[in-house]
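Student: Please find target_24.txt (compact mmCIF, N, CA and C atoms) on the next line:
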# COMPACT_ATOMS: atom_id res chain seq x y z
N MET R 1 47.73 117.53 -99.85
CA MET R 1 48.75 117.32 -98.84
C MET R 1 48.78 118.56 -97.94
N PRO R 2 48.63 118.40 -96.61
CA PRO R 2 48.62 119.55 -95.72
C PRO R 2 49.99 120.20 -95.62
N ALA R 3 49.98 121.50 -95.51
CA ALA R 3 51.23 122.24 -95.38
C ALA R 3 51.80 122.03 -93.99
N SER R 4 53.12 121.90 -93.91
CA SER R 4 53.74 121.70 -92.61
C SER R 4 53.81 123.03 -91.88
N ARG R 5 53.61 122.98 -90.60
CA ARG R 5 53.63 124.18 -89.77
C ARG R 5 55.07 124.59 -89.51
N LYS R 6 55.32 125.87 -89.54
CA LYS R 6 56.64 126.39 -89.26
C LYS R 6 56.89 126.30 -87.76
N ARG R 7 57.96 125.67 -87.37
CA ARG R 7 58.28 125.48 -85.95
C ARG R 7 59.00 126.71 -85.41
N VAL R 8 58.82 126.93 -84.12
CA VAL R 8 59.51 128.03 -83.46
C VAL R 8 60.72 127.48 -82.72
N SER R 9 61.69 128.33 -82.50
CA SER R 9 62.91 127.89 -81.84
C SER R 9 62.69 127.77 -80.33
N ASP R 10 63.65 127.15 -79.68
CA ASP R 10 63.59 126.99 -78.23
C ASP R 10 63.69 128.36 -77.55
N ASP R 11 64.41 129.28 -78.19
CA ASP R 11 64.54 130.64 -77.65
C ASP R 11 63.17 131.33 -77.60
N VAL R 12 62.37 131.17 -78.64
CA VAL R 12 61.04 131.77 -78.68
C VAL R 12 60.17 131.17 -77.57
N MET R 13 60.23 129.86 -77.42
CA MET R 13 59.45 129.19 -76.37
C MET R 13 59.87 129.70 -74.98
N THR R 14 61.16 129.89 -74.79
CA THR R 14 61.67 130.38 -73.50
C THR R 14 61.21 131.82 -73.25
N ARG R 15 61.26 132.64 -74.29
CA ARG R 15 60.83 134.04 -74.13
C ARG R 15 59.35 134.13 -73.81
N VAL R 16 58.55 133.29 -74.44
CA VAL R 16 57.11 133.29 -74.17
C VAL R 16 56.87 132.79 -72.74
N SER R 17 57.61 131.77 -72.34
CA SER R 17 57.48 131.24 -70.98
C SER R 17 57.85 132.30 -69.94
N LYS R 18 58.93 133.03 -70.19
CA LYS R 18 59.33 134.09 -69.27
C LYS R 18 58.30 135.22 -69.24
N ALA R 19 57.68 135.50 -70.37
CA ALA R 19 56.64 136.54 -70.42
C ALA R 19 55.43 136.11 -69.58
N ILE R 20 55.08 134.83 -69.63
CA ILE R 20 53.97 134.34 -68.81
C ILE R 20 54.33 134.46 -67.33
N ASP R 21 55.58 134.15 -66.99
CA ASP R 21 56.03 134.31 -65.60
C ASP R 21 55.96 135.78 -65.17
N ALA R 22 56.31 136.68 -66.07
CA ALA R 22 56.24 138.11 -65.77
C ALA R 22 54.79 138.55 -65.56
N LEU R 23 53.87 137.99 -66.33
CA LEU R 23 52.45 138.28 -66.15
C LEU R 23 51.98 137.84 -64.77
N ALA R 24 52.45 136.68 -64.34
CA ALA R 24 52.05 136.16 -63.03
C ALA R 24 52.54 137.07 -61.91
N ALA R 25 53.69 137.70 -62.12
CA ALA R 25 54.25 138.57 -61.08
C ALA R 25 53.61 139.95 -61.07
N ASP R 26 53.08 140.40 -62.19
CA ASP R 26 52.51 141.74 -62.29
C ASP R 26 50.99 141.68 -62.12
N GLN R 27 50.49 142.21 -61.01
CA GLN R 27 49.06 142.16 -60.72
C GLN R 27 48.24 143.11 -61.58
N SER R 28 48.88 144.08 -62.20
CA SER R 28 48.12 145.06 -62.99
C SER R 28 48.11 144.76 -64.49
N ALA R 29 48.86 143.77 -64.92
CA ALA R 29 48.94 143.46 -66.35
C ALA R 29 47.76 142.59 -66.78
N PRO R 30 47.18 142.89 -67.95
CA PRO R 30 46.09 142.04 -68.44
C PRO R 30 46.61 140.65 -68.82
N ARG R 31 45.80 139.67 -68.61
CA ARG R 31 46.18 138.27 -68.88
C ARG R 31 45.79 137.90 -70.31
N THR R 32 46.49 138.48 -71.29
CA THR R 32 46.17 138.23 -72.69
C THR R 32 47.44 137.82 -73.45
N LYS R 33 47.21 137.18 -74.59
CA LYS R 33 48.35 136.82 -75.43
C LYS R 33 48.98 138.08 -76.02
N ARG R 34 48.20 139.11 -76.20
CA ARG R 34 48.75 140.38 -76.69
C ARG R 34 49.77 140.93 -75.69
N GLN R 35 49.46 140.82 -74.40
CA GLN R 35 50.40 141.27 -73.38
C GLN R 35 51.66 140.39 -73.40
N ILE R 36 51.50 139.11 -73.69
CA ILE R 36 52.66 138.21 -73.80
C ILE R 36 53.54 138.66 -74.96
N GLU R 37 52.91 139.06 -76.06
CA GLU R 37 53.67 139.57 -77.21
C GLU R 37 54.48 140.79 -76.80
N ILE R 38 53.87 141.68 -76.06
CA ILE R 38 54.56 142.91 -75.64
C ILE R 38 55.72 142.58 -74.71
N LEU R 39 55.47 141.74 -73.72
CA LEU R 39 56.52 141.41 -72.74
C LEU R 39 57.67 140.61 -73.35
N SER R 40 57.35 139.75 -74.29
CA SER R 40 58.41 138.92 -74.88
C SER R 40 59.13 139.63 -76.01
N GLY R 41 58.52 140.66 -76.57
CA GLY R 41 59.13 141.37 -77.70
C GLY R 41 58.98 140.61 -79.00
N LEU R 42 58.06 139.68 -79.03
CA LEU R 42 57.83 138.86 -80.23
C LEU R 42 56.56 139.32 -80.93
N GLY R 43 56.46 138.96 -82.19
CA GLY R 43 55.28 139.28 -82.97
C GLY R 43 54.15 138.30 -82.71
N HIS R 44 52.99 138.67 -83.22
CA HIS R 44 51.80 137.85 -83.05
C HIS R 44 51.99 136.44 -83.62
N ASP R 45 52.55 136.36 -84.82
CA ASP R 45 52.73 135.05 -85.46
C ASP R 45 53.61 134.12 -84.64
N ALA R 46 54.72 134.65 -84.13
CA ALA R 46 55.64 133.81 -83.36
C ALA R 46 54.98 133.30 -82.08
N VAL R 47 54.26 134.17 -81.39
CA VAL R 47 53.60 133.76 -80.15
C VAL R 47 52.49 132.74 -80.46
N ALA R 48 51.72 132.99 -81.50
CA ALA R 48 50.65 132.07 -81.87
C ALA R 48 51.22 130.70 -82.25
N ARG R 49 52.31 130.70 -83.02
CA ARG R 49 52.95 129.42 -83.39
C ARG R 49 53.49 128.71 -82.16
N ALA R 50 54.03 129.46 -81.21
CA ALA R 50 54.57 128.84 -79.99
C ALA R 50 53.46 128.14 -79.22
N PHE R 51 52.32 128.78 -79.07
CA PHE R 51 51.21 128.15 -78.36
C PHE R 51 50.65 126.96 -79.13
N ARG R 52 50.57 127.09 -80.46
CA ARG R 52 50.08 125.98 -81.27
C ARG R 52 51.03 124.79 -81.19
N GLN R 53 52.33 125.07 -81.27
CA GLN R 53 53.35 124.02 -81.18
C GLN R 53 53.30 123.36 -79.81
N ASP R 54 53.12 124.15 -78.76
CA ASP R 54 53.04 123.61 -77.41
C ASP R 54 51.83 122.69 -77.27
N ALA R 55 50.72 123.07 -77.88
CA ALA R 55 49.51 122.23 -77.79
C ALA R 55 49.68 120.93 -78.57
N ALA R 56 50.42 120.98 -79.68
CA ALA R 56 50.59 119.80 -80.51
C ALA R 56 51.60 118.80 -79.94
N GLU R 57 52.58 119.30 -79.21
CA GLU R 57 53.64 118.43 -78.68
C GLU R 57 53.34 118.09 -77.22
N SER R 58 53.20 116.82 -76.96
CA SER R 58 52.91 116.41 -75.58
C SER R 58 54.16 116.39 -74.70
N ASP R 59 55.34 116.31 -75.32
CA ASP R 59 56.57 116.23 -74.54
C ASP R 59 57.31 117.57 -74.44
N ASN R 60 56.61 118.67 -74.72
CA ASN R 60 57.23 119.99 -74.68
C ASN R 60 57.46 120.40 -73.22
N PRO R 61 58.70 120.71 -72.86
CA PRO R 61 58.99 121.03 -71.45
C PRO R 61 58.48 122.41 -71.01
N HIS R 62 58.13 123.28 -71.94
CA HIS R 62 57.73 124.64 -71.57
C HIS R 62 56.29 124.72 -71.06
N ARG R 63 55.42 123.89 -71.57
CA ARG R 63 54.01 123.84 -71.15
C ARG R 63 53.36 125.24 -71.11
N LEU R 64 53.44 125.94 -72.24
CA LEU R 64 52.93 127.30 -72.33
C LEU R 64 51.43 127.38 -72.08
N ASN R 65 50.68 126.53 -72.74
CA ASN R 65 49.22 126.55 -72.58
C ASN R 65 48.81 126.25 -71.14
N GLU R 66 49.47 125.30 -70.54
CA GLU R 66 49.17 124.93 -69.16
C GLU R 66 49.46 126.09 -68.21
N LYS R 67 50.60 126.76 -68.41
CA LYS R 67 50.97 127.89 -67.55
C LYS R 67 49.98 129.04 -67.70
N LEU R 68 49.60 129.34 -68.94
CA LEU R 68 48.67 130.43 -69.18
C LEU R 68 47.29 130.10 -68.61
N ASN R 69 46.85 128.87 -68.76
CA ASN R 69 45.54 128.47 -68.22
C ASN R 69 45.53 128.54 -66.70
N ARG R 70 46.62 128.16 -66.06
CA ARG R 70 46.71 128.26 -64.59
C ARG R 70 46.65 129.72 -64.15
N LEU R 71 47.23 130.58 -64.95
CA LEU R 71 47.26 132.00 -64.63
C LEU R 71 45.87 132.63 -64.79
N ILE R 72 45.14 132.19 -65.80
CA ILE R 72 43.82 132.76 -66.09
C ILE R 72 42.72 132.09 -65.28
N ALA R 73 42.87 130.83 -64.93
CA ALA R 73 41.81 130.04 -64.28
C ALA R 73 41.23 130.69 -63.03
N PRO R 74 42.01 131.26 -62.12
CA PRO R 74 41.38 131.86 -60.94
C PRO R 74 40.46 133.02 -61.26
N LEU R 75 40.63 133.64 -62.40
CA LEU R 75 39.80 134.77 -62.79
C LEU R 75 38.56 134.34 -63.57
N GLY R 76 38.40 133.05 -63.78
CA GLY R 76 37.26 132.57 -64.56
C GLY R 76 37.50 132.81 -66.04
N THR R 77 36.48 133.30 -66.73
CA THR R 77 36.63 133.53 -68.17
C THR R 77 37.21 134.91 -68.46
N SER R 78 37.34 135.72 -67.44
CA SER R 78 37.87 137.07 -67.61
C SER R 78 39.36 137.04 -67.87
N ARG R 79 39.82 137.93 -68.72
CA ARG R 79 41.25 138.04 -68.98
C ARG R 79 41.78 139.37 -68.45
N ARG R 80 41.02 139.94 -67.50
CA ARG R 80 41.49 141.17 -66.86
C ARG R 80 42.62 140.84 -65.90
N SER R 81 43.37 141.84 -65.58
CA SER R 81 44.39 141.67 -64.55
C SER R 81 43.67 141.53 -63.21
N PRO R 82 44.32 140.96 -62.21
CA PRO R 82 43.66 140.85 -60.90
C PRO R 82 43.22 142.21 -60.35
N ALA R 83 44.03 143.24 -60.56
CA ALA R 83 43.65 144.57 -60.07
C ALA R 83 42.43 145.09 -60.83
N ALA R 84 42.41 144.89 -62.14
CA ALA R 84 41.27 145.34 -62.94
C ALA R 84 40.03 144.52 -62.62
N GLU R 85 40.18 143.24 -62.35
CA GLU R 85 39.05 142.39 -61.99
C GLU R 85 38.46 142.83 -60.65
N GLU R 86 39.33 143.18 -59.71
CA GLU R 86 38.86 143.65 -58.40
C GLU R 86 38.10 144.97 -58.55
N LYS R 87 38.61 145.85 -59.39
CA LYS R 87 37.94 147.13 -59.64
C LYS R 87 36.58 146.90 -60.30
N TYR R 88 36.52 145.98 -61.25
CA TYR R 88 35.26 145.65 -61.92
C TYR R 88 34.26 145.09 -60.92
N GLN R 89 34.72 144.18 -60.05
CA GLN R 89 33.83 143.59 -59.04
C GLN R 89 33.32 144.65 -58.08
N ASP R 90 34.18 145.61 -57.73
CA ASP R 90 33.76 146.70 -56.84
C ASP R 90 32.67 147.54 -57.51
N LYS R 91 32.84 147.83 -58.79
CA LYS R 91 31.82 148.60 -59.51
C LYS R 91 30.50 147.85 -59.57
N GLN R 92 30.55 146.55 -59.79
CA GLN R 92 29.34 145.74 -59.82
C GLN R 92 28.65 145.77 -58.46
N LYS R 93 29.42 145.69 -57.39
CA LYS R 93 28.88 145.72 -56.03
C LYS R 93 28.22 147.07 -55.77
N ILE R 94 28.83 148.16 -56.24
CA ILE R 94 28.26 149.50 -56.06
C ILE R 94 26.92 149.60 -56.78
N VAL R 95 26.83 149.06 -57.99
CA VAL R 95 25.57 149.08 -58.73
C VAL R 95 24.49 148.32 -57.97
N GLU R 96 24.84 147.15 -57.44
CA GLU R 96 23.87 146.36 -56.67
C GLU R 96 23.41 147.10 -55.41
N LEU R 97 24.36 147.73 -54.72
CA LEU R 97 24.00 148.45 -53.51
C LEU R 97 23.14 149.68 -53.81
N LYS R 98 23.41 150.35 -54.93
CA LYS R 98 22.57 151.49 -55.32
C LYS R 98 21.13 151.04 -55.59
N GLN R 99 20.98 149.91 -56.24
CA GLN R 99 19.64 149.37 -56.49
C GLN R 99 18.93 149.04 -55.18
N GLN R 100 19.69 148.47 -54.25
CA GLN R 100 19.13 148.11 -52.96
C GLN R 100 18.70 149.38 -52.20
N VAL R 101 19.52 150.42 -52.22
CA VAL R 101 19.18 151.68 -51.55
C VAL R 101 17.94 152.30 -52.19
N SER R 102 17.86 152.25 -53.50
CA SER R 102 16.70 152.79 -54.21
C SER R 102 15.43 152.07 -53.79
N GLU R 103 15.47 150.76 -53.71
CA GLU R 103 14.30 149.97 -53.29
C GLU R 103 13.94 150.28 -51.84
N LEU R 104 14.92 150.41 -50.98
CA LEU R 104 14.66 150.74 -49.58
C LEU R 104 14.06 152.14 -49.45
N ASN R 105 14.50 153.08 -50.27
CA ASN R 105 13.91 154.42 -50.25
C ASN R 105 12.45 154.39 -50.68
N ARG R 106 12.14 153.61 -51.71
CA ARG R 106 10.74 153.48 -52.14
C ARG R 106 9.90 152.86 -51.03
N GLN R 107 10.43 151.85 -50.36
CA GLN R 107 9.73 151.21 -49.26
C GLN R 107 9.52 152.20 -48.10
N LEU R 108 10.54 152.97 -47.80
CA LEU R 108 10.44 153.98 -46.74
C LEU R 108 9.38 155.02 -47.08
N ASP R 109 9.31 155.44 -48.33
CA ASP R 109 8.28 156.39 -48.76
C ASP R 109 6.88 155.82 -48.54
N ARG R 110 6.69 154.55 -48.88
CA ARG R 110 5.38 153.92 -48.68
C ARG R 110 5.02 153.89 -47.19
N TYR R 111 5.96 153.54 -46.34
CA TYR R 111 5.71 153.51 -44.90
C TYR R 111 5.39 154.91 -44.37
N ALA R 112 6.12 155.92 -44.82
CA ALA R 112 5.89 157.28 -44.36
C ALA R 112 4.49 157.76 -44.76
N MET R 113 4.07 157.46 -45.97
CA MET R 113 2.74 157.85 -46.41
C MET R 113 1.67 157.15 -45.59
N THR R 114 1.89 155.89 -45.28
CA THR R 114 0.93 155.14 -44.48
C THR R 114 0.85 155.72 -43.07
N LEU R 115 1.98 156.03 -42.46
CA LEU R 115 1.98 156.61 -41.12
C LEU R 115 1.29 157.98 -41.10
N PHE R 116 1.52 158.78 -42.12
CA PHE R 116 0.89 160.08 -42.19
C PHE R 116 -0.62 159.94 -42.35
N ALA R 117 -1.05 158.99 -43.15
CA ALA R 117 -2.48 158.76 -43.33
C ALA R 117 -3.11 158.30 -42.02
N VAL R 118 -2.45 157.45 -41.28
CA VAL R 118 -2.96 157.00 -39.98
C VAL R 118 -3.02 158.18 -39.01
N TYR R 119 -2.00 158.99 -39.02
CA TYR R 119 -1.97 160.17 -38.15
C TYR R 119 -3.15 161.10 -38.45
N LEU R 120 -3.39 161.36 -39.72
CA LEU R 120 -4.50 162.23 -40.09
C LEU R 120 -5.84 161.63 -39.70
N ALA R 121 -5.98 160.33 -39.82
CA ALA R 121 -7.23 159.67 -39.47
C ALA R 121 -7.47 159.71 -37.96
N ASP R 122 -6.43 159.60 -37.16
CA ASP R 122 -6.55 159.56 -35.71
C ASP R 122 -6.62 160.95 -35.07
N ASN R 123 -6.15 161.98 -35.73
CA ASN R 123 -6.09 163.32 -35.17
C ASN R 123 -6.83 164.32 -36.05
N PRO R 124 -8.12 164.35 -35.94
CA PRO R 124 -8.84 165.33 -36.74
C PRO R 124 -8.55 166.74 -36.22
N SER R 125 -8.22 167.59 -37.10
CA SER R 125 -7.94 168.98 -36.75
C SER R 125 -8.39 169.87 -37.90
N ALA R 126 -8.13 171.13 -37.77
CA ALA R 126 -8.54 172.06 -38.82
C ALA R 126 -7.85 171.74 -40.13
N GLU R 127 -6.57 171.41 -40.05
CA GLU R 127 -5.84 171.08 -41.27
C GLU R 127 -6.32 169.75 -41.84
N ALA R 128 -6.56 168.81 -40.97
CA ALA R 128 -6.98 167.49 -41.42
C ALA R 128 -8.39 167.51 -41.97
N SER R 129 -9.22 168.46 -41.49
CA SER R 129 -10.59 168.49 -41.97
C SER R 129 -10.65 168.91 -43.44
N ARG R 130 -9.63 169.60 -43.89
CA ARG R 130 -9.60 169.98 -45.30
C ARG R 130 -9.08 168.86 -46.18
N ALA R 131 -8.56 167.80 -45.58
CA ALA R 131 -8.07 166.66 -46.35
C ALA R 131 -9.27 165.94 -46.97
N VAL R 132 -9.12 165.51 -48.18
CA VAL R 132 -10.19 164.83 -48.89
C VAL R 132 -9.81 163.36 -49.03
N SER R 133 -10.71 162.51 -48.64
CA SER R 133 -10.45 161.08 -48.75
C SER R 133 -10.35 160.71 -50.22
N ILE R 134 -9.68 159.65 -50.46
CA ILE R 134 -9.55 159.16 -51.83
C ILE R 134 -10.93 158.72 -52.32
N ARG R 135 -11.24 159.03 -53.53
CA ARG R 135 -12.49 158.71 -54.22
C ARG R 135 -13.70 159.44 -53.64
N ARG R 136 -13.47 160.55 -53.01
CA ARG R 136 -14.59 161.38 -52.53
C ARG R 136 -14.45 162.74 -53.17
N HIS R 137 -15.55 163.29 -53.54
CA HIS R 137 -15.55 164.58 -54.19
C HIS R 137 -15.53 165.68 -53.13
N ARG R 138 -14.83 166.75 -53.45
CA ARG R 138 -14.82 167.90 -52.57
C ARG R 138 -16.16 168.65 -52.68
N GLN R 139 -16.54 169.23 -51.55
CA GLN R 139 -17.74 170.05 -51.61
C GLN R 139 -17.37 171.38 -52.25
N GLN R 140 -18.22 171.83 -53.07
CA GLN R 140 -18.01 173.09 -53.77
C GLN R 140 -18.31 174.25 -52.87
N ARG R 141 -17.41 175.19 -52.76
CA ARG R 141 -17.66 176.42 -52.00
C ARG R 141 -18.06 177.52 -52.97
N HIS R 142 -19.07 178.23 -52.62
CA HIS R 142 -19.52 179.34 -53.49
C HIS R 142 -19.27 180.64 -52.86
Give the structure from this file in structure tokens form.

Tutor:
Amino acid sequence: MPASRKRVSDDVMTRVSKAIDALAADQSAPRTKRQIEILSGLGHDAVARAFRQDAAESDNPHRLNEKLNRLIAPLGTSRRSPAAEEKYQDKQKIVELKQQVSELNRQLDRYAMTLFAVYLADNPSAEASRAVSIRRHRQQRH
């Protein structure tokens, strides 16, 4: 025989609901159930039971799971606060731009070497005469 689940009071459901509303208003707060515990002043068990009870009852007026999912949905699977998510996205963009700059610098180096080689080939001078072509041996001076 399955054990019956301990039900939470309407006061607990209201406190959890208000904590979710407070999360929605605070852009810097993480979107986690742990943060709901902190804001509501309730323990982990009470908050977990409230969400479980809300999921099991279709006629529950608080709709805790629905409210939390709406709050988290714009952020995707991340449970960061909007401010933390924006900071994370900025860091990711910086990494991508650094990689792009690095590739452009390598490309610029290749172009510069090519231009210098063309310059040396077109302008023979005393300095250029000492340049040794690739795969050619230098003449030995005695």

Student: Would you mind reading off the distance between atom C of Ser58 in chain R and CA of Ala24 in chain R, one decimal, in Å?

Tutor: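 Separation between atom C of Ser58 in chain R and CA of Ala24 in chain R: 23.1 Å.
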
Student: Near range 31-41 of chain R, within 8 Å and counting only N, CA and C atoms, which residues show up once chain neighbours fewer than 6 positions away are dropped, as number ranges by chain?

Tutor: R: 14-20, 22-24, 47-48, 71-72, 78-82

Student: Find the residues around Asp45 in chain R up to 12 Å (only C-alpha atoms counted), leave out those fewer than 5 positions away in its own chain, and share them as a PyMOL selection string.

Tutor: chain R and resi 5-8+12+33-34+37+50-53

Student: Would you compute, for all listed atoms of range 95-99 of chain R, the axis-aligned bounding box grown by 8 Å on each side, and then report its centre and edge lengths in Å rounded to one decimal, as JSON?

Tutor:
{"center_x": 22.9, "center_y": 148.9, "center_z": -56.1, "size_x": 23.9, "size_y": 21.1, "size_z": 21.2}
